[in-house]
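As stored in input39.txt (compact mmCIF, C-alpha atoms):
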# COMPACT_ATOMS: atom_id res chain seq x y z
CA MET A 1 -35.55 -46.96 23.42
CA ASP A 2 -35.07 -45.42 26.79
CA ILE A 3 -32.69 -42.45 27.02
CA GLN A 4 -31.67 -43.05 30.63
CA THR A 5 -30.95 -46.73 29.94
CA PHE A 6 -28.68 -45.71 27.08
CA ILE A 7 -26.92 -43.08 29.23
CA ASN A 8 -26.33 -45.67 31.96
CA ASN A 9 -25.01 -48.20 29.43
CA TYR A 10 -22.85 -45.56 27.77
CA TYR A 11 -21.24 -44.47 31.03
CA GLU A 12 -20.72 -48.08 32.06
CA ALA A 13 -19.00 -48.85 28.76
CA PHE A 14 -16.96 -45.67 28.37
CA SER A 15 -16.76 -44.25 31.94
CA LEU A 16 -18.27 -41.19 33.55
CA LYS A 17 -15.52 -39.13 31.92
CA ALA A 18 -16.97 -39.78 28.45
CA GLU A 19 -18.89 -36.84 27.06
CA LEU A 20 -22.53 -37.60 26.29
CA PRO A 21 -23.51 -37.54 22.61
CA ILE A 22 -25.44 -34.65 21.11
CA ALA A 23 -28.77 -35.35 19.42
CA PHE A 24 -29.88 -33.26 16.46
CA TRP A 25 -33.23 -32.84 14.77
CA TYR A 26 -35.31 -30.36 12.81
CA SER A 27 -38.40 -28.63 14.14
CA ASP A 28 -40.82 -25.89 13.12
CA SER A 29 -40.73 -24.48 16.64
CA LEU A 30 -37.89 -22.65 18.30
CA LEU A 31 -36.29 -24.32 21.31
CA GLY A 32 -33.78 -22.27 23.26
CA GLU A 33 -32.58 -18.85 22.25
CA LEU A 34 -32.18 -17.94 18.59
CA LYS A 35 -28.55 -16.91 18.15
CA GLN A 36 -26.93 -16.00 14.90
CA THR A 37 -23.42 -17.21 14.21
CA GLN A 38 -21.20 -15.77 11.53
CA GLY A 39 -19.58 -18.53 9.53
CA CYS A 40 -19.37 -22.03 10.92
CA LEU A 41 -22.38 -23.38 12.80
CA PHE A 42 -20.01 -25.23 15.11
CA LYS A 43 -19.04 -21.95 16.78
CA ALA A 44 -22.07 -22.76 18.97
CA LEU A 45 -20.68 -26.19 19.91
CA PRO A 46 -19.26 -25.10 23.29
CA ALA A 47 -22.70 -23.87 24.40
CA ILE A 48 -24.34 -27.11 23.23
CA ARG A 49 -21.75 -29.17 25.10
CA GLN A 50 -22.60 -27.20 28.23
CA GLY A 51 -26.28 -28.14 27.91
CA GLU A 52 -27.87 -25.35 25.85
CA ILE A 53 -30.37 -26.25 23.15
CA ILE A 54 -29.73 -24.36 19.84
CA ARG A 55 -32.10 -23.04 16.92
CA TYR A 56 -34.56 -24.71 14.26
CA LEU A 57 -31.91 -27.34 13.52
CA HIS A 58 -31.78 -28.31 17.15
CA PHE A 59 -28.79 -29.70 19.00
CA ALA A 60 -28.98 -30.96 22.57
CA ARG A 61 -27.04 -33.35 24.75
CA ILE A 62 -29.07 -36.51 25.09
CA ASP A 63 -29.59 -35.95 28.82
CA ARG A 64 -31.73 -32.93 27.83
CA LEU A 65 -34.11 -35.02 25.68
CA ILE A 66 -37.47 -36.45 26.64
CA SER A 67 -37.44 -39.04 23.83
CA PHE A 68 -35.55 -40.03 20.71
CA GLU A 69 -38.74 -39.60 18.65
CA LYS A 70 -37.76 -36.79 16.23
CA VAL A 71 -33.99 -37.20 16.45
CA GLU A 72 -32.21 -37.57 13.10
CA GLY A 73 -28.87 -38.63 14.53
CA LEU A 74 -26.38 -38.62 17.38
CA LEU A 75 -23.08 -36.75 17.31
CA PHE A 76 -20.32 -38.23 19.44
CA LEU A 77 -17.25 -36.11 20.16
CA ALA A 78 -14.56 -38.66 20.77
CA THR A 79 -10.94 -39.01 21.73
CA PRO A 80 -9.04 -41.82 19.96
CA ASP A 81 -9.75 -44.25 22.83
CA ILE A 82 -13.48 -43.53 22.89
CA LEU A 83 -13.58 -43.53 19.10
CA SER A 84 -12.05 -47.02 19.06
CA GLY A 85 -14.90 -48.25 21.28
CA LEU A 86 -17.55 -46.53 19.19
CA ILE A 87 -16.11 -48.02 15.99
CA THR A 88 -15.88 -51.47 17.59
CA TRP A 89 -19.53 -51.19 18.64
CA THR A 90 -20.51 -49.99 15.14
CA PHE A 91 -18.89 -53.02 13.49
CA PHE A 92 -20.23 -55.47 16.09
CA ASP A 93 -23.24 -56.40 13.98
CA ASN A 94 -22.41 -54.71 10.68
CA ASN A 95 -19.09 -55.50 9.05
CA ASN A 96 -19.95 -53.93 5.71
CA PRO A 97 -16.98 -52.00 4.32
CA ASP A 98 -18.99 -48.77 4.51
CA ALA A 99 -20.36 -49.28 8.03
CA VAL A 100 -18.06 -46.44 9.05
CA SER A 101 -17.63 -43.92 6.24
CA THR A 102 -15.36 -40.91 6.00
CA PRO A 103 -16.48 -38.81 3.05
CA PHE A 104 -14.75 -35.44 3.16
CA GLY A 105 -16.83 -32.32 3.45
CA SER A 106 -17.49 -29.32 5.60
CA GLY A 107 -18.18 -29.92 9.28
CA CYS A 108 -21.90 -29.51 8.60
CA SER A 109 -22.02 -31.86 5.64
CA SER A 110 -19.91 -34.62 7.20
CA THR A 111 -21.87 -34.60 10.45
CA ILE A 112 -25.38 -33.33 9.71
CA THR A 113 -26.23 -33.66 6.01
CA LEU A 114 -24.82 -37.15 5.50
CA THR A 115 -26.41 -38.40 8.72
CA VAL A 116 -29.85 -36.91 8.02
CA ASN A 117 -29.84 -38.30 4.48
CA GLU A 118 -28.77 -41.73 5.73
CA ASN A 119 -31.46 -41.71 8.41
CA ARG A 120 -34.21 -40.71 5.98
CA GLN A 121 -33.16 -43.54 3.64
CA GLY A 122 -33.20 -46.04 6.52
CA GLY A 123 -29.47 -46.62 6.01
CA HIS A 124 -26.87 -48.12 8.29
CA ARG A 125 -23.70 -46.12 7.60
CA THR A 126 -22.08 -44.06 10.35
CA PHE A 127 -19.77 -41.12 9.65
CA LEU A 128 -16.39 -40.04 10.94
CA GLY A 129 -15.99 -36.30 10.79
CA PHE A 130 -14.45 -33.05 11.92
CA PHE A 131 -11.57 -33.40 9.47
CA ASP A 132 -12.42 -30.12 7.72
CA PRO A 133 -10.09 -27.30 8.81
CA SER A 134 -13.08 -24.94 9.11
CA VAL A 135 -14.50 -26.92 12.07
CA ARG A 136 -11.21 -27.84 13.80
CA PRO A 137 -10.84 -24.50 15.67
CA TYR A 138 -14.08 -25.21 17.56
CA VAL A 139 -13.07 -28.56 19.06
CA GLU A 140 -10.10 -29.73 21.07
CA SER A 141 -7.16 -31.00 19.06
CA ASN A 142 -7.68 -34.59 20.25
CA LEU A 143 -11.38 -34.85 19.29
CA LEU A 144 -13.05 -36.16 16.16
CA SER A 145 -16.71 -36.89 15.57
CA LEU A 146 -18.74 -39.98 14.84
CA THR A 147 -22.35 -39.49 13.84
CA ILE A 148 -24.87 -42.28 13.95
CA PRO A 149 -28.21 -41.88 12.14
CA MET A 150 -31.20 -42.98 14.18
CA SER A 151 -31.98 -45.63 11.56
CA ARG A 152 -28.68 -47.28 12.59
CA PHE A 153 -28.78 -46.35 16.27
CA LYS A 154 -32.02 -48.28 16.79
CA THR A 155 -30.11 -51.51 16.11
CA MET A 156 -26.95 -50.41 17.89
CA TYR A 157 -28.97 -49.55 21.01
CA GLN A 158 -30.11 -53.18 21.14
CA THR A 159 -26.65 -54.68 20.53
CA MET A 160 -24.58 -52.45 22.81
CA ARG A 161 -24.58 -54.75 25.85
CA ASN A 162 -23.51 -57.71 23.68
CA SER A 163 -20.54 -55.93 22.15
CA SER A 164 -16.97 -56.08 23.40
CA LEU A 165 -17.48 -52.89 25.43
CA TYR A 166 -18.45 -55.00 28.43
CA GLU A 167 -16.45 -57.57 30.33
CA THR A 168 -13.52 -57.93 27.92
CA HIS A 169 -9.94 -57.63 29.05
CA ALA A 170 -8.84 -55.48 26.11
CA TRP A 171 -11.62 -52.91 26.50
CA ALA A 172 -11.16 -52.83 30.28
CA LYS A 173 -7.58 -51.62 29.76
CA ILE A 174 -8.73 -48.83 27.45
CA LYS A 175 -11.56 -47.85 29.81
CA THR A 176 -9.04 -47.58 32.65
CA ARG A 177 -6.97 -45.21 30.51
CA ILE A 178 -10.11 -43.14 29.72
CA ASN A 179 -10.80 -42.90 33.46
CA GLU A 180 -7.24 -41.78 34.17
CA GLY A 181 -7.26 -39.17 31.38
Translate the structure of the given file into structure tokens.
Amino acid sequence: MDIQTFINNYYEAFSLKAELPIAFWYSDSLLGELKQTQGCLFKALPAIRQGEIIRYLHFARIDRLISFEKVEGLLFLATPDILSGLITWTFFDNNNPDAVSTPFGSGCSSTITLTVNENRQGGHRTFLGFFDPSVRPYVESNLLSLTIPMSRFKTMYQTMRNSSLYETHAWAKIKTRINEG
């Protein structure tokens, strides 16, 4: 899986206005500056979105990665229009009722813990999140999250160009609205 190929495909599908997803992984070595946050980990989200790499549970925009090798999952911050495309892509080759799950929990559990556990089990569920009031102050009011474990993303990476995100009339209308937003 090539990161730049995915970025190109992602921008083509969602527009250059779409925010790149954030990869997260664990490491024994420190990358970036160790900063302590009081309370919610997602207080650091603005810095991550600007390109900083954060602590032993590392977060980085995918354009800052060299490879997907140690990545546990991808965190997409999505408006309703972008979320509709991500969900459509998720169901493209997996119409199981739990392909997109929304278990309630803290911001950390609904984005990180569930995704890491799913990845380590080789699972295929993705997770809607950022419904917990403790995380909402750290994101814009029109954003939710979708996390995709790498065990699922490996397949989705291969199917992206075949999904309805390319060359369909319905998605073209939504993409135009994303571009105008």
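Each of A:Ser151, A:Thr111, A:Gln4, A:Ser67 was compared to His124 (chain A) using only C-alpha atoms, and A:Ser151 turns out to be the nearest.
Distance check against Asp98 (chain A) using all atoms listed in the file: of A:Ile3, A:Val135, A:Ile66, A:Leu128, the minimum falls on A:Leu128.
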For region 70-117 of chain A against region 8-20 of chain A, with a cut-off of 8 Å and counting all atoms listed in the file, what is the closest atom pair and its distance in Å to one decimal for every residue that makes the cut, ordered by chain and number, as a Markdown table?
| residue | atom | partner | partner_atom | distance |
| --- | --- | --- | --- | --- |
| A:Phe76 | CA | A:Leu20 | CA | 7.2 |
| A:Leu77 | CA | A:Glu19 | CA | 7.1 |
| A:Ala78 | CA | A:Glu19 | CA | 7.9 |
| A:Ile82 | CA | A:Phe14 | CA | 6.8 |
| A:Gly85 | CA | A:Phe14 | CA | 7.8 |
Dump of C-alpha atoms for the selected residues, as a short mmCIF file (atom, residue, chain, number, x, y, z; two decimals), in the frame of the given file:
data_model
loop_
_atom_site.label_atom_id
_atom_site.label_comp_id
_atom_site.auth_asym_id
_atom_site.auth_seq_id
_atom_site.Cartn_x
_atom_site.Cartn_y
_atom_site.Cartn_z
CA PHE A 76 -20.32 -38.23 19.44
CA LEU A 77 -17.25 -36.11 20.16
CA ALA A 78 -14.56 -38.66 20.77
CA ILE A 82 -13.48 -43.53 22.89
CA GLY A 85 -14.90 -48.25 21.28
#
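Take CA of Asp81 (chain A) and CA of Ser164 (chain A): the distance between them is 13.9 Å.
Using all atoms listed in the file, the residues found no farther than 9 Å from region 102-108 of chain A, other than those of its own chain fewer than 5 positions away, are Cys40, Leu41, Phe42, Thr113, Leu114, Thr126, Phe127, Leu128, Gly129, Phe130, Phe131, Asp132, Pro133, Ser134, Val135 and Arg136 of chain A.
Checking A:Leu144, A:Leu165, A:Leu65, A:Ile87 one by one against Asp2 (chain A), counting all atoms listed in the file, you find the shortest gap at A:Leu65.
If all atoms listed in the file are the atoms counted, then among A:Tyr138, A:Ile112, A:Pro46, A:Thr159 the closest residue to Trp89 (chain A) is A:Thr159.
Here CA of Trp171 (chain A) and CA of Phe91 (chain A) stand 14.9 Å from one another.
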**Message:** Neighbouring residues of Gln121 (chain A) were defined as those with any atom within 12 Å, considering all atoms listed in the file; residues of the same chain fewer than 3 positions away were excluded. Please report them as an NGL selection string.
**Reply:** :A and (72 or 114-118 or 124-125 or 149-152)
**Asked** So which residues are close to (-27.1, -39.1, 22.7), meaning at most 8 Å away in the file's coordinates with only C-alpha atoms counted, and can you show them as number ranges by chain?
**Response** A: 3, 7, 20-23, 61-63, 74-76
Would you mind writing region 132-150 of chain A with N, CA and C atoms, as a PDB file, in the frame of the given file?
ATOM      1  N   ASP A 132     -12.478 -31.377   8.448  1.00  0.00           N
ATOM      2  CA  ASP A 132     -12.420 -30.120   7.720  1.00  0.00           C
ATOM      3  C   ASP A 132     -11.756 -29.035   8.571  1.00  0.00           C
ATOM      4  N   PRO A 133     -10.758 -28.352   8.033  1.00  0.00           N
ATOM      5  CA  PRO A 133     -10.090 -27.300   8.810  1.00  0.00           C
ATOM      6  C   PRO A 133     -11.021 -26.203   9.309  1.00  0.00           C
ATOM      7  N   SER A 134     -12.166 -26.004   8.658  1.00  0.00           N
ATOM      8  CA  SER A 134     -13.080 -24.940   9.110  1.00  0.00           C
ATOM      9  C   SER A 134     -13.739 -25.266  10.446  1.00  0.00           C
ATOM     10  N   VAL A 135     -13.867 -26.535  10.802  1.00  0.00           N
ATOM     11  CA  VAL A 135     -14.500 -26.920  12.070  1.00  0.00           C
ATOM     12  C   VAL A 135     -13.464 -27.161  13.172  1.00  0.00           C
ATOM     13  N   ARG A 136     -12.237 -27.471  12.813  1.00  0.00           N
ATOM     14  CA  ARG A 136     -11.210 -27.840  13.800  1.00  0.00           C
ATOM     15  C   ARG A 136     -10.980 -26.780  14.883  1.00  0.00           C
ATOM     16  N   PRO A 137     -11.065 -25.478  14.598  1.00  0.00           N
ATOM     17  CA  PRO A 137     -10.840 -24.500  15.670  1.00  0.00           C
ATOM     18  C   PRO A 137     -11.870 -24.557  16.804  1.00  0.00           C
ATOM     19  N   TYR A 138     -12.995 -25.213  16.573  1.00  0.00           N
ATOM     20  CA  TYR A 138     -14.080 -25.210  17.560  1.00  0.00           C
ATOM     21  C   TYR A 138     -14.136 -26.462  18.419  1.00  0.00           C
ATOM     22  N   VAL A 139     -13.173 -27.357  18.229  1.00  0.00           N
ATOM     23  CA  VAL A 139     -13.070 -28.560  19.060  1.00  0.00           C
ATOM     24  C   VAL A 139     -11.625 -28.727  19.509  1.00  0.00           C
ATOM     25  N   GLU A 140     -11.450 -29.463  20.585  1.00  0.00           N
ATOM     26  CA  GLU A 140     -10.100 -29.730  21.070  1.00  0.00           C
ATOM     27  C   GLU A 140      -9.320 -30.513  20.015  1.00  0.00           C
ATOM     28  N   SER A 141      -8.008 -30.383  20.076  1.00  0.00           N
ATOM     29  CA  SER A 141      -7.160 -31.000  19.060  1.00  0.00           C
ATOM     30  C   SER A 141      -7.219 -32.523  19.067  1.00  0.00           C
ATOM     31  N   ASN A 142      -7.641 -33.128  20.170  1.00  0.00           N
ATOM     32  CA  ASN A 142      -7.680 -34.590  20.250  1.00  0.00           C
ATOM     33  C   ASN A 142      -9.085 -35.164  20.045  1.00  0.00           C
ATOM     34  N   LEU A 143     -10.020 -34.372  19.502  1.00  0.00           N
ATOM     35  CA  LEU A 143     -11.380 -34.850  19.290  1.00  0.00           C
ATOM     36  C   LEU A 143     -11.718 -34.951  17.808  1.00  0.00           C
ATOM     37  N   LEU A 144     -12.411 -36.011  17.454  1.00  0.00           N
ATOM     38  CA  LEU A 144     -13.050 -36.160  16.160  1.00  0.00           C
ATOM     39  C   LEU A 144     -14.516 -36.464  16.425  1.00  0.00           C
ATOM     40  N   SER A 145     -15.295 -36.583  15.372  1.00  0.00           N
ATOM     41  CA  SER A 145     -16.710 -36.890  15.570  1.00  0.00           C
ATOM     42  C   SER A 145     -17.056 -38.221  14.913  1.00  0.00           C
ATOM     43  N   LEU A 146     -18.075 -38.845  15.469  1.00  0.00           N
ATOM     44  CA  LEU A 146     -18.740 -39.980  14.840  1.00  0.00           C
ATOM     45  C   LEU A 146     -20.219 -39.682  14.942  1.00  0.00           C
ATOM     46  N   THR A 147     -20.897 -39.672  13.807  1.00  0.00           N
ATOM     47  CA  THR A 147     -22.350 -39.490  13.840  1.00  0.00           C
ATOM     48  C   THR A 147     -23.021 -40.797  13.459  1.00  0.00           C
ATOM     49  N   ILE A 148     -24.096 -41.063  14.168  1.00  0.00           N
ATOM     50  CA  ILE A 148     -24.870 -42.280  13.950  1.00  0.00           C
ATOM     51  C   ILE A 148     -26.303 -41.871  13.642  1.00  0.00           C
ATOM     52  N   PRO A 149     -26.806 -42.183  12.435  1.00  0.00           N
ATOM     53  CA  PRO A 149     -28.210 -41.880  12.140  1.00  0.00           C
ATOM     54  C   PRO A 149     -29.119 -42.748  13.004  1.00  0.00           C
ATOM     55  N   MET A 150     -30.273 -42.228  13.320  1.00  0.00           N
ATOM     56  CA  MET A 150     -31.200 -42.980  14.180  1.00  0.00           C
ATOM     57  C   MET A 150     -31.609 -44.301  13.541  1.00  0.00           C
TER      58      MET A 150
END
